[in-house]
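Notes follow the structure.
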Amino acid sequence: MPDMPDVAETTDKVGTGSTGAYAEQYRRSLDDPDGFWLEAARAVDWTRRPTRALDDSAAPLYRWFPDGELNTAHNALDRHVDAGRGEQDALLWDSPVTGSKRRYTYRELRDEVATFAGALRGLGVGKGDRVVLYLPMVPEAVIAMLACARLGAVHSVVFGGFAPRELATRVDDARPKVVVTASCGIEPTRVVEYVPIVRRALADTTHRPDHVVVLQRDTKHAELRDGELDWTTLVASARPVDPVPVAATDPLYILYTSGTTGRPKGVVRDTGGHAVALTWSMANIYDIGPGDVWWTASDVGWVVGHSYIVYAPLLVGATSVLYEGKPVGTPDAGAFWRVVSEYGVRALFTAPTAIRAIKRVDPDGAEMARYDLSRFRTLFLAGERTDPQTYHWAAERLGVPVVDHWWQTETGWAIAANPRGLEPLPPKPGSVTVPMPGWDVRVLDQSGKERPSGQEGAIAVRLPLPPGALPTLWGDDDRYIEAYLSRYEGYYLTGDSGYLDPDGYLFVMGRTDDVINVAGHRLSTGAIEAVLAAHPAVAECAVIGVHDALKGQLPRGFVVLKAGADITEEKLREELVAAVRAEIGPVAAFRDVAVVDALPKTRSGKVLRKTMRALADGRDEPVPSTIEDPEVLDRLKAVLRPKR
Ligand code: COA
Ligand code: AMP
């Protein structure tokens with residue numbers, strides 16, 4: 001790995017943009033996508049090497065590497081063992097919540113994956129079949145994901161903080177043959193029993209998986225019922241299987257994400273484009289290669305965990321840390337620095353909320369000072385906007401570059417970042433730096449015209465999207481086109497607004513729709529509204545995301561009672577908070593709901609959520625002239641004003 005240049009050293013390379021390697025590669029990716037991506041594809045092992053990169057024959061549905069064939073688990077494991085890296089650490093599991101640690105070399109991980117793949121095959125899972133994984137942050141989660149990949153089966157991981165109903169929706173959409181879960185997950189304040197959640201979910205689904213596999217954890221065993229199989233028993237009689245080659249365009253996984261409605265979207269990840277894009281990103285964005293220790297402090301249930309805990313670090317032969325704990329409280333605010341120091345982590349990727357949590361408990365960095373961070377080179381942040389205070393605090397205390405970069409479940413890897421491995425660009429606090437190769441980012445006004453630099457608008461990406469981005473939504477091309485490609489013809493709508501500055505740096509300011517980000521977790525206010533609206537005393541409701549100093553945003557609900565509803569406000573609040581926790585999950589962190597006499601609306605009946613959001617965040621927002629009754633908004637102002 002080359003030493004990273006000082007920020008000052010690179011300043012002259014930027015002006016209206018880099019004149020170095022970044023500018024050259026970016027241009028080439030747009031002018032000659034076939035040449036660019038076929039070259040990047042050489043870093044991947046193919047059972048049939050692609051001769052073409054882009055297939056635009058079904059535009060606007062694009063495919064990458066249409067004649068390529070490969071297996072992702074082979075690329076993540078076997079190829080490194082074959083190349084002599086079998087004894088190198090692949091995965092380091094560190095679990096302060098259970099007091100456990102475990103290391104897996106590439107050879108050990110390959111063998112575990114091959115055997116669990118054999119177990120799944122024994123249950124009838126083959127190429128194209130779906131497997132839903134509802135697991136905590138244990139090595140078996142990584143093993144199960146890679147075992148699916150080995151078989152050419154399609155995994156769909158559901159984050160453990162989601163409640164039974166959310167799990168049920170995903171099971172019904174993905175229609176898995178097998179569900180894999182664990183006896184429990186461990187949160188700092190409680191043990192979360194997963195098996196009852198899975199049972200409740202499956203009692204609600206129309207689709208029935210053939211089997212449920214349960215990993216028993218020492219913290220708490222589950223009593224298994226008929227049809228529920230013990231992981232260890234299953235594996236004991238399983239035979240290892242070889243990787244099954246699949247078409248580059250075959251799905252590797254489905255990952256559900258919140259949209260603007262209550263129905264989550266099944267983002268599809270293809271096999272070839274994903275392997276190529278992630279491999280490119282590790283070297284060129286993150287500056288990580290074989291043997292480097294890399295840590296993504298997220299959860300395998302999110303896209304950040306899929307791409308950068310599991311697939312990308314293993315694709316490039318790095319060592320990936322899997323951490324089951326929190327930034328604070330497990331046991332203290334030094335936990336992250338302990339892990340960085342103990343394993344010699346070269347780069348850490350987490351969400352700004354985690355850094356804010358540490359900063360709140362340890363503002364002077366006393367915990368940090370206890371550890372040797374000399375091997376630590378870069379902090380990468382994503383999932384929500386990095387506020388300048390957090391940026392400066394981290395940069396000053398850690399003395400390493402802090403890189404804010406922007407992406408989404410849909411895109412699978414960064415749309416915009418600072419390409420630290422390719423050409424480190426001078427950072428600008430508040431900016432996610434520049435578009436990555438293949439991402440032709442434009443800022444558009446309502447009519448689809450490009451906005452001049454410095455002016456905010458909808459951020460869109462000219463089609464085709466690069467490899468690694470979603471080719472479609474699971475089983476629903478029409479919904480994909482409708483949700484993402486129909487607002488501006490020829491563009492993918494990101495749902496974020498922002499602007500490009502005169503140097504070509506991108507600033508992402510926030511969502512333009514009803515998606516909110518709570519502690520880096522993406523949620524739909526529409527889904528929370530659906531839960532509130534189902535309460536018998538609620539006539540109508542609105543949920544908005546409001547600023548929160550720790551979690552970035554928190555949901556706030558406003559409900560109007562039905563005439564004659566016989567319930568106290570306090571009781572109603574309690575019931576609504578409990579309902580959101582039970583229906584969506586604790587991760588929604590929904591605690592704040594106010595009873596109001598009416599919601600502000602336009603004359604056509606649309607609730608003025610944007611105006612409410614602005615008022616709640618203490619911003620001035622012009623009130624639309626179409627407002628039905630300005631007095632309703634005036635009355636709401638007292639409730640909406642930011643809480644100090
Ligand atoms: N399984 C079950 N429950 C879970 C869970 C899981 N995998 N993850 C979170 N929860 C629960 C928590 O126990 C908590 O429940 P509670 O209301 O009973 O306390 C609730 O969901 C909210 O959890 P969380 O979002 O973790 O908030 P927190 O207040 O416990 O901690 C932070 C705040 C900032 C420390 C924490 O959110 C964090 O570490 N964030 C990192 C962000 C991240 O990894 N984002 C992923 C995208 S990069
Ligand atoms: P998710 O799909 O959960 O990764 O969430 C994606 C959304 O998170 C984006 O559409 C943005 O709204 C937000 N987001 C992610 N990273 C950033 C960032 N670096 N800056 C601003 N917003 C971000």
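Naming scheme: A, B, ... for chains in displayed order of the structure tokens; residues 1 onward per chain; ligands 1 onward as shown.
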
Open item on the list: Would you pick out the contacts of region 402-410 of chain A at 7 Å or less, using only C-alpha atoms, so that residues sharing its chain but fewer than 3 positions from it are not included, and give the list as an MDAnalysis selection string?
Closed with: chainID A and resid 257 267 303 378:382 386 391 395 413:418 432 469:470

For region 117-123 of chain A, please output as an mmCIF file with N, CA, C and O atoms, in the first residue's frame all residues within 6 Å (counting only C-alpha atoms; exclusion window: fewer than 2 positions along the same chain).
data_model
loop_
_atom_site.group_PDB
_atom_site.id
_atom_site.type_symbol
_atom_site.label_atom_id
_atom_site.label_comp_id
_atom_site.auth_asym_id
_atom_site.auth_seq_id
_atom_site.Cartn_x
_atom_site.Cartn_y
_atom_site.Cartn_z
ATOM 1 N N VAL A 113 -17.991 -22.437 5.449
ATOM 2 C CA VAL A 113 -18.976 -22.007 4.448
ATOM 3 C C VAL A 113 -19.359 -23.187 3.554
ATOM 4 O O VAL A 113 -20.547 -23.428 3.289
ATOM 5 N N ALA A 114 -18.356 -23.947 3.126
ATOM 6 C CA ALA A 114 -18.628 -25.081 2.233
ATOM 7 C C ALA A 114 -19.522 -26.107 2.948
ATOM 8 O O ALA A 114 -20.425 -26.697 2.342
ATOM 9 N N THR A 115 -19.286 -26.306 4.242
ATOM 10 C CA THR A 115 -20.079 -27.293 4.978
ATOM 11 C C THR A 115 -21.503 -26.793 5.210
ATOM 12 O O THR A 115 -22.472 -27.540 5.055
ATOM 13 N N VAL A 125 -31.966 -26.617 -0.847
ATOM 14 C CA VAL A 125 -31.681 -25.276 -1.385
ATOM 15 C C VAL A 125 -30.721 -25.401 -2.565
ATOM 16 O O VAL A 125 -29.671 -26.040 -2.453
ATOM 17 N N ALA A 147 -22.517 -19.086 2.310
ATOM 18 C CA ALA A 147 -22.969 -20.430 1.931
ATOM 19 C C ALA A 147 -24.052 -20.331 0.852
ATOM 20 O O ALA A 147 -24.071 -21.111 -0.104
ATOM 21 N N VAL A 235 -25.046 -29.369 10.630
ATOM 22 C CA VAL A 235 -23.712 -29.246 10.048
ATOM 23 C C VAL A 235 -22.893 -30.524 10.294
ATOM 24 O O VAL A 235 -22.075 -30.924 9.461
ATOM 25 N N ALA A 238 -23.295 -32.784 7.479
ATOM 26 C CA ALA A 238 -23.275 -32.201 6.122
ATOM 27 C C ALA A 238 -21.925 -32.420 5.455
ATOM 28 O O ALA A 238 -20.894 -32.495 6.122
ATOM 29 N N ARG A 239 -21.942 -32.502 4.136
ATOM 30 C CA ARG A 239 -20.694 -32.626 3.380
ATOM 31 C C ARG A 239 -20.431 -31.315 2.655
ATOM 32 O O ARG A 239 -21.356 -30.696 2.116
ATOM 33 N N PRO A 240 -19.148 -30.909 2.639
ATOM 34 C CA PRO A 240 -18.834 -29.631 1.981
ATOM 35 C C PRO A 240 -19.152 -29.672 0.487
ATOM 36 O O PRO A 240 -19.044 -30.731 -0.136
ATOM 37 N N VAL A 241 -19.550 -28.523 -0.047
ATOM 38 C CA VAL A 241 -19.831 -28.473 -1.489
ATOM 39 C C VAL A 241 -18.955 -27.417 -2.166
ATOM 40 O O VAL A 241 -18.506 -26.464 -1.525
#

Task: Neighbour list for Gly585 (chain A) as an MDAnalysis selection string, cut-off 7 Å, only C-alpha atoms, skip fewer than 2 positions in-chain - done: chainID A and resid 161:163 580:583 587:588

Open item on the list: Between CA of Asp372 (chain A) and CA of Pro429 (chain A), what is the distance in Å, rounded to a tenth?
Closed with: 26.4 Å

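If you measure from each of A:Ser341, A:Ser307, A:Gln446, A:Ser374 to ligand 2 using only C-alpha atoms and all ligand atoms, the closest one turns out to be A:Ser307.
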
Task: Residues of region 389-634 of chain A in strand (DSSP E), written as a PyMOL selection string - done: chain A and resi 402-404+416-417+434-435+440-444+457-462+491-500+506-511+515-518+521-524+538-548+552-561+592-595

Using only C-alpha atoms, please write the residues we just selected to a file, as a short mmCIF file (atom, residue, chain, number, x, y, z; two decimals), in the first residue's frame.
data_model
loop_
_atom_site.label_atom_id
_atom_site.label_comp_id
_atom_site.auth_asym_id
_atom_site.auth_seq_id
_atom_site.Cartn_x
_atom_site.Cartn_y
_atom_site.Cartn_z
CA VAL A 402 -12.18 11.64 7.98
CA VAL A 403 -14.02 10.74 4.79
CA ASP A 404 -17.73 11.33 4.49
CA ALA A 416 -19.72 9.97 -4.15
CA ALA A 417 -16.61 9.68 -2.04
CA VAL A 434 -16.88 13.80 -5.80
CA PRO A 435 -18.87 11.29 -7.88
CA ASP A 440 -22.98 10.61 -13.69
CA VAL A 441 -24.44 12.80 -10.95
CA ARG A 442 -26.65 15.77 -11.85
CA VAL A 443 -28.62 18.23 -9.75
CA LEU A 444 -32.00 18.91 -11.33
CA GLY A 457 -32.04 20.51 -6.33
CA ALA A 458 -32.92 16.84 -6.68
CA ILE A 459 -29.84 14.66 -7.03
CA ALA A 460 -30.25 12.30 -9.96
CA VAL A 461 -27.88 9.97 -11.77
CA ARG A 462 -27.85 9.64 -15.55
CA TYR A 491 -32.20 9.36 -14.77
CA TYR A 492 -32.23 7.42 -11.53
CA LEU A 493 -33.83 9.48 -8.77
CA THR A 494 -31.81 9.20 -5.56
CA GLY A 495 -34.47 10.75 -3.30
CA ASP A 496 -31.81 13.07 -1.86
CA SER A 497 -31.41 16.77 -2.50
CA GLY A 498 -28.16 18.68 -2.61
CA TYR A 499 -25.84 20.75 -4.76
CA LEU A 500 -22.52 20.66 -6.59
CA LEU A 506 -21.17 17.29 -3.94
CA PHE A 507 -23.11 18.36 -0.86
CA VAL A 508 -26.00 16.09 0.15
CA MET A 509 -28.55 17.94 2.24
CA GLY A 510 -31.37 15.48 2.98
CA ARG A 511 -34.20 13.39 1.60
CA VAL A 515 -37.62 8.33 4.26
CA ILE A 516 -35.86 9.17 7.52
CA ASN A 517 -32.58 8.08 9.03
CA VAL A 518 -32.57 7.21 12.72
CA HIS A 521 -31.11 3.12 10.24
CA ARG A 522 -33.34 3.88 7.29
CA LEU A 523 -37.04 4.01 8.09
CA SER A 524 -40.23 5.01 6.36
CA VAL A 538 -56.99 7.78 15.58
CA ALA A 539 -58.79 9.67 12.82
CA GLU A 540 -55.68 10.80 10.99
CA CYS A 541 -52.00 11.19 11.60
CA ALA A 542 -48.66 12.39 10.30
CA VAL A 543 -45.12 11.32 11.15
CA ILE A 544 -42.11 13.45 10.37
CA GLY A 545 -38.40 13.10 11.01
CA VAL A 546 -37.01 15.79 13.30
CA HIS A 547 -33.42 16.66 14.06
CA ASP A 548 -31.79 14.83 16.97
CA GLY A 552 -29.45 12.51 13.46
CA GLN A 553 -33.21 12.18 13.19
CA LEU A 554 -36.04 10.83 15.30
CA PRO A 555 -39.63 10.18 14.26
CA ARG A 556 -42.33 12.44 15.72
CA GLY A 557 -45.98 11.61 15.40
CA PHE A 558 -49.07 13.84 15.36
CA VAL A 559 -52.50 12.31 15.70
CA VAL A 560 -56.02 13.67 15.49
CA LEU A 561 -58.60 11.80 17.56
CA ASP A 592 -42.78 11.14 20.72
CA VAL A 593 -46.41 11.54 19.72
CA ALA A 594 -48.66 14.53 20.22
CA VAL A 595 -52.44 14.75 20.03
#

Rows by chain and residue number, chain A within 6 Å of ligand 1, shortest pair, only C-alpha atoms and all ligand atoms, as CSV:
residue,atom,partner,partner_atom_place_in_ligand_line,distance
A:Pro136,CA,ligand 1,7 (N),5.9
A:Gly160,CA,ligand 1,1 (N),3.9
A:Gly161,CA,ligand 1,2 (C),3.7
A:Gly185,CA,ligand 1,1 (N),6.0
A:Glu187,CA,ligand 1,13 (O),5.0
A:Val192,CA,ligand 1,2 (C),5.9
A:Ala297,CA,ligand 1,44 (O),5.9
A:Ser298,CA,ligand 1,44 (O),3.6
A:Asp299,CA,ligand 1,44 (O),5.8
A:Val304,CA,ligand 1,48 (S),5.5
A:Lys326,CA,ligand 1,39 (O),4.8
A:Pro327,CA,ligand 1,39 (O),5.3
A:Thr350,CA,ligand 1,48 (S),5.4
A:Ala351,CA,ligand 1,48 (S),4.6
A:Thr353,CA,ligand 1,34 (C),4.8
A:Ala354,CA,ligand 1,34 (C),4.6
A:Ala357,CA,ligand 1,34 (C),5.3
A:Gly383,CA,ligand 1,48 (S),5.0
A:Ala519,CA,ligand 1,37 (O),4.6
A:Gly520,CA,ligand 1,45 (N),4.1
A:His521,CA,ligand 1,46 (C),5.6
A:Lys551,CA,ligand 1,34 (C),5.9
A:Pro586,CA,ligand 1,21 (O),4.1
A:Val587,CA,ligand 1,21 (O),3.5
A:Ala589,CA,ligand 1,22 (C),5.6

Task: Nearest to Pro630 (chain A), chosen from A:Leu398, A:Ala598, A:Ile143, A:Leu30, with only C-alpha atoms counted in the distances - done: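 With only C-alpha atoms as the atom set, the closest residue is A:Ala598.
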